[in-house]
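Peer 1: There's a structure below that I have some questions on.
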Amino acid sequence: MRRNVSLIFFFISVGILGGCAQTPEVSRQPQMGNLLLAEPAPVNPRSEMAIARYNQILGSSALSDEDKAELHLQRGMLYDSVGLGGLAQFDYSQAINLKPDFAEAYNSIGIHYIQQSDFIQAYDSFDSTLEINPEYDFAFLNRGIALYYGGRAELAVEDLGLFLQKDNSDPFRALWAYFAHYDLSPEEGQAYLAAIRPELNNEHWATTLTDLFLGVVDENAVLNSLLDGVKSQKALTDRLCEAYFYLGKYHSQDGNNGIASNYFKLALSTNVFDYVEHRYARMELNRLRQSSSDAEE
């Protein structure tokens with residue numbers, strides 16, 4: 001159904017991914033004591049060239065509405081990857097206008113609504129995704145995150161639990177489900193994470209993060225594990241974006257708002273724009289500021 005567009009995207013994607021592979025070996029010397037600092041991810045010139053190519057293709061009158069919708073989605077994803085969120089959201093909106101049953105576009109635009117704290121629109125977008133495609137796994141994650149940040153943790157636990165069931169060995173899925181349970185009560189969160197811990201993949205570096213939240217390891221153990229298996233600067237920057245975010249969550253739970261704030265800022269400094277952790281680090285900063293303001297009042 002989308003063969004022609006997919007072929008175009010395949011050739012563009014090969015160029016982008018090929019450019020990412022040529023990255024130097026990462027130094028194993030940590031900076032600032034035990035804290036590793038990320039080198040902010042540069043904008044990939046191949047992404048910019050791909051966006052320009054999509055602009056040319058979308059100017060063709062020979063394309064069907066369905067093909068145009070697919071191209072708007074793919075260009076929107078590229079815009080997201082280079083931090084141009086407003087242009088990405090416009091493209092997702094265009095994709096939906098051209099193809100009202102486009103599950104992927106509803107899912108993508110819903111993420112932007114979360115970042116704007118427009119939770120009603122976000123819920124509607126993810127509901128639409130799942131009505132069109134009930135098997136679209138990441139809509140459960142994204143709707144769960146929307147419910148979590150929207151102050152509806154009792155509903156978030158269901159969606160995030162369903163997302164975890166799709167792969168109960170994934171520590172990132174476990175952590176998001178844990179956050180929702182913790183929001184209901186810290187005791188429930190700890191009991192839940194302890195119950196699912198045996199299923200997690202011990203070979204995955206992020207499982208150390210779940211052990212940090214359980215109190216089994218300390219922060220130094222997490223920081224010391226960050227270089228394990230890392231072969232390139234890009235891989236290190238991606239991993240540090242994730243690690244900074246969850247370390248920020250850890251400290252915010254402990255009431256160490258200053259340290260938490262610094263970790264969320266470090267996550268933002270990586271420029272890994274299309275990672276979940278980068279997308280929501282700013283929301284966490286806003287929550288910390290709101291909490292501080294409420295405490296002063």
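Going by the structure tokens order, chains are called A, B, ..., each with residues numbered from 1, while ligands are numbered from 1 in the order shown.
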Excluding A:Asn271 and any residue of its chain fewer than 2 positions from it, enumerate the residues within 6 Å of it, using only C-alpha atoms, and give them as a PDB file with N, CA and C atoms, in the first residue's frame.

Peer 2:
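Written output follows (out03.pdb):
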```pdb
ATOM      1  N   PRO A  40      27.267  16.888  23.229  1.00  0.00           N
ATOM      2  CA  PRO A  40      25.952  17.073  22.600  1.00  0.00           C
ATOM      3  C   PRO A  40      25.924  16.530  21.179  1.00  0.00           C
ATOM      4  N   ALA A  41      24.869  15.806  20.863  1.00  0.00           N
ATOM      5  CA  ALA A  41      24.757  15.203  19.538  1.00  0.00           C
ATOM      6  C   ALA A  41      24.661  16.295  18.484  1.00  0.00           C
ATOM      7  N   SER A 269      20.914  18.652  27.587  1.00  0.00           N
ATOM      8  CA  SER A 269      22.138  19.114  26.923  1.00  0.00           C
ATOM      9  C   SER A 269      22.675  18.118  25.909  1.00  0.00           C
ATOM     10  N   PHE A 273      17.130  14.566  20.695  1.00  0.00           N
ATOM     11  CA  PHE A 273      15.786  15.133  20.734  1.00  0.00           C
ATOM     12  C   PHE A 273      14.666  14.102  20.676  1.00  0.00           C
TER      13      PHE A 273
END
```

Peer 1: With only C-alpha atoms as the counted atoms, please give the residues lying no more than 8 Å from A:Thr210, apart from itself and same-chain residues fewer than 6 positions off, as a ChimeraX atom specification.

Peer 2: /A:171,174-175,193,197

Peer 1: Considering only C-alpha atoms, can you say which of A:Leu155, A:Leu78, A:Ala122, A:Leu73 comes closest to A:Lys99?

Peer 2: A:Leu73

Peer 1: Using only C-alpha atoms, which of A:Leu37, A:Gly258, A:Asn202, A:Tyr246 sits nearest A:Gln233?

Peer 2: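 Of A:Leu37, A:Gly258, A:Asn202, A:Tyr246, the one nearest A:Gln233, counting only C-alpha atoms, is A:Leu37.
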
Peer 1: What does the structure give for the distance between atom CA of A:Asp238 and atom CA of A:Pro45, in Å to one decimal?

Peer 2: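 Spanning atom CA of A:Asp238 to atom CA of A:Pro45 is a straight-line distance of 18.2 Å.
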
Peer 1: Could you give me, as a PyMOL selection string, the residues within 10 Å of A:Tyr182, counting only C-alpha atoms and dropping anything in the same chain fewer than 4 positions from it?

Peer 2: chain A and resi 153+157+176-178+186-193+253

Peer 1: Output the selection as a PDB file, in the first residue's frame - C-alpha atoms for each residue.

Peer 2:
```pdb
ATOM      1  CA  ALA A 153      -1.713   7.755  37.820  1.00  0.00           C
ATOM      2  CA  VAL A 157      -0.656   2.087  35.734  1.00  0.00           C
ATOM      3  CA  TRP A 176       7.776   3.868  33.660  1.00  0.00           C
ATOM      4  CA  ALA A 177       5.292   1.410  35.146  1.00  0.00           C
ATOM      5  CA  TYR A 178       7.042   1.868  38.491  1.00  0.00           C
ATOM      6  CA  PRO A 186       5.815   5.110  47.339  1.00  0.00           C
ATOM      7  CA  GLU A 187       5.220   1.822  49.142  1.00  0.00           C
ATOM      8  CA  GLU A 188       3.165   0.464  46.254  1.00  0.00           C
ATOM      9  CA  GLY A 189       5.826   1.570  43.789  1.00  0.00           C
ATOM     10  CA  GLN A 190       8.617  -0.183  45.662  1.00  0.00           C
ATOM     11  CA  ALA A 191       6.592  -3.381  46.068  1.00  0.00           C
ATOM     12  CA  TYR A 192       5.684  -3.366  42.369  1.00  0.00           C
ATOM     13  CA  LEU A 193       9.260  -2.860  41.184  1.00  0.00           C
ATOM     14  CA  GLN A 253      11.877  11.141  44.561  1.00  0.00           C
TER      15      GLN A 253
END
```
